[in-house]
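Below is one structure, written out as structure tokens; comments come after it.
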Amino acid sequence: MPDTVMIFAAGRGTRMGSLTEAKPKPLIPVAGKPLLDHALKIVDDATGISQIMVNTHYLANQIEDHLSDRRILFSPENELLETGGGLKQALTLHNTGSVYTLNADAVWSGPNPMQALLDAWQPSKMDALMLLVPPENAIGHLGAGDFHQSSDGRLTRGPGLVYTGCQIIKTGPVSAIQENVFSLNTVWNAIEKSDRLFGLSYTGSWCDVGHPDGITLAERLLETQNV
């Protein structure tokens, strides 16, 4: 059972415009608390998580100060390593066979996404299990989707379901990439070729808060959840 989560918090958040001139995107408030705290609530409510890793780069000191009262393993990046490179570097600090990843710029309404992944995780046949949403439940997301899903749950590239940034992935395929700066897309492509890339369709709603309009959309989603 995975017991470690990697929260991606290193990006510059340029799509947020002036909101990130003096504040990193993970600390932008949504419904009264920073985006990062929404992600940590998901982690805290999931089963069996004993280690939290957070990568940092832009205004890293603010993120580290905000999390100073929690037991966090920080992975500072002198240069942006992208998602794959960031995870690979963090794994040199904490060796584990599989890990959750979670983006810090999303808000959810519905079942705990990490718990949903754990309940469906079958490591004997999966190297990665990605949490996806149909486009109509991907609030604030622009694009035609990322993956097709077959009847047995295997994924192939193409417009369809939207990847949420939450997954369970085995760390061997990540560490096997020779480059230091690379996207997780490189890892998923390799896993797909071995027919071990799977998806799970999320039954709730997910809001992309990577742009200013996403803040209002996320707050509306949370208001609906709390009614």
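Ordering of the structure tokens sets the chain letters (A, B, ...), residue numbers begin anew at 1 in every chain, and ligands are numbered from 1 in the order given.
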
Test item, helix (DSSP H, G or I) assignment across segment 25-210 of chain A, answer as a PyMOL selection string: chain A and resi 25-27+35-45+60-66+82-91+113-120+135-137+172-175+184-193

Distance query segment 111-121 of chain A at most 12 Å, only C-alpha atoms, self and fewer than 6 positions along chain excluded, as a ChimeraX atom specification: /A:1-6,38-49,98-103,127-133,153,164-170,196-206,225

Test item: residues at most 7 Å from segment 17-26 of chain A, only C-alpha atoms, excluding those fewer than 6 positions along its chain, as JSON, numbers by chain: {"A": [9, 34, 35, 36, 58, 59, 104, 105]}

Residue list (strand (DSSP E), DSSP) for segment 2-222 of chain A, as a ChimeraX atom specification: /A:4-8,29-30,33-34,51-56,73-76,98-103,106-109,128-133,138-139,147-149,155-157,162-170,197-201,205-208

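The nearest approach to Leu155 of chain A among the residues A:Trp188, A:Asn180, A:Gly143, A:Gly97, with only C-alpha atoms taken into account, belongs to A:Trp188.
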
Among listed residues A:Gly13, A:Gly160, A:Gly84, A:Pro76, nearest Asn61 of chain A (using only C-alpha atoms): A:Pro76

Excluding Thr156 of chain A and residues on its chain fewer than 3 positions from it, collect all residues at most 7 Å away from it, counting only C-alpha atoms, and give them as a PDB file with all heavy atoms, in the first residue's frame.
ATOM      1  N   PHE A 147      -6.841  11.249 -22.274  1.00  0.00           N
ATOM      2  CA  PHE A 147      -6.715   9.799 -22.426  1.00  0.00           C
ATOM      3  C   PHE A 147      -8.029   9.155 -22.841  1.00  0.00           C
ATOM      4  O   PHE A 147      -9.109   9.583 -22.433  1.00  0.00           O
ATOM      5  CB  PHE A 147      -6.262   9.157 -21.103  1.00  0.00           C
ATOM      6  CG  PHE A 147      -4.848   9.499 -20.706  1.00  0.00           C
ATOM      7  CD1 PHE A 147      -4.597  10.543 -19.827  1.00  0.00           C
ATOM      8  CD2 PHE A 147      -3.769   8.780 -21.207  1.00  0.00           C
ATOM      9  CE1 PHE A 147      -3.300  10.863 -19.459  1.00  0.00           C
ATOM     10  CE2 PHE A 147      -2.471   9.096 -20.845  1.00  0.00           C
ATOM     11  CZ  PHE A 147      -2.234  10.134 -19.972  1.00  0.00           C
ATOM     12  N   HIS A 148      -7.903   8.101 -23.636  1.00  0.00           N
ATOM     13  CA  HIS A 148      -8.990   7.152 -23.866  1.00  0.00           C
ATOM     14  C   HIS A 148      -8.830   6.015 -22.862  1.00  0.00           C
ATOM     15  O   HIS A 148      -7.715   5.609 -22.532  1.00  0.00           O
ATOM     16  CB  HIS A 148      -8.912   6.559 -25.278  1.00  0.00           C
ATOM     17  CG  HIS A 148      -9.216   7.532 -26.372  1.00  0.00           C
ATOM     18  ND1 HIS A 148     -10.409   8.205 -26.465  1.00  0.00           N
ATOM     19  CD2 HIS A 148      -8.471   7.943 -27.429  1.00  0.00           C
ATOM     20  CE1 HIS A 148     -10.400   8.986 -27.528  1.00  0.00           C
ATOM     21  NE2 HIS A 148      -9.241   8.849 -28.142  1.00  0.00           N
ATOM     22  N   GLN A 149      -9.955   5.474 -22.405  1.00  0.00           N
ATOM     23  CA  GLN A 149      -9.927   4.354 -21.465  1.00  0.00           C
ATOM     24  C   GLN A 149     -10.676   3.172 -22.065  1.00  0.00           C
ATOM     25  O   GLN A 149     -11.827   3.299 -22.497  1.00  0.00           O
ATOM     26  CB  GLN A 149     -10.559   4.756 -20.138  1.00  0.00           C
ATOM     27  CG  GLN A 149     -10.414   3.705 -19.051  1.00  0.00           C
ATOM     28  CD  GLN A 149     -10.903   4.222 -17.713  1.00  0.00           C
ATOM     29  OE1 GLN A 149     -11.800   5.054 -17.646  1.00  0.00           O
ATOM     30  NE2 GLN A 149     -10.316   3.727 -16.645  1.00  0.00           N
ATOM     31  N   GLU A 192       2.738   3.007 -20.823  1.00  0.00           N
ATOM     32  CA  GLU A 192       1.682   2.669 -21.777  1.00  0.00           C
ATOM     33  C   GLU A 192       2.147   1.580 -22.744  1.00  0.00           C
ATOM     34  O   GLU A 192       1.378   0.664 -23.089  1.00  0.00           O
ATOM     35  CB  GLU A 192       1.262   3.910 -22.564  1.00  0.00           C
ATOM     36  CG  GLU A 192       0.141   3.663 -23.568  1.00  0.00           C
ATOM     37  CD  GLU A 192      -0.160   4.873 -24.426  1.00  0.00           C
ATOM     38  OE1 GLU A 192       0.292   5.982 -24.091  1.00  0.00           O
ATOM     39  OE2 GLU A 192      -0.846   4.697 -25.449  1.00  0.00           O
TER      40      GLU A 192
END

Atomic separation - atom CA of Asp195 of chain A relative to atom CA of Phe8 of chain A, Å: 26.2 Å

Two-atom distance - atom CA of Ile63 of chain A, atom CA of Leu27 of chain A (Å):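 Atom-to-atom, atom CA of Ile63 of chain A and atom CA of Leu27 of chain A are spaced 7.3 Å apart.
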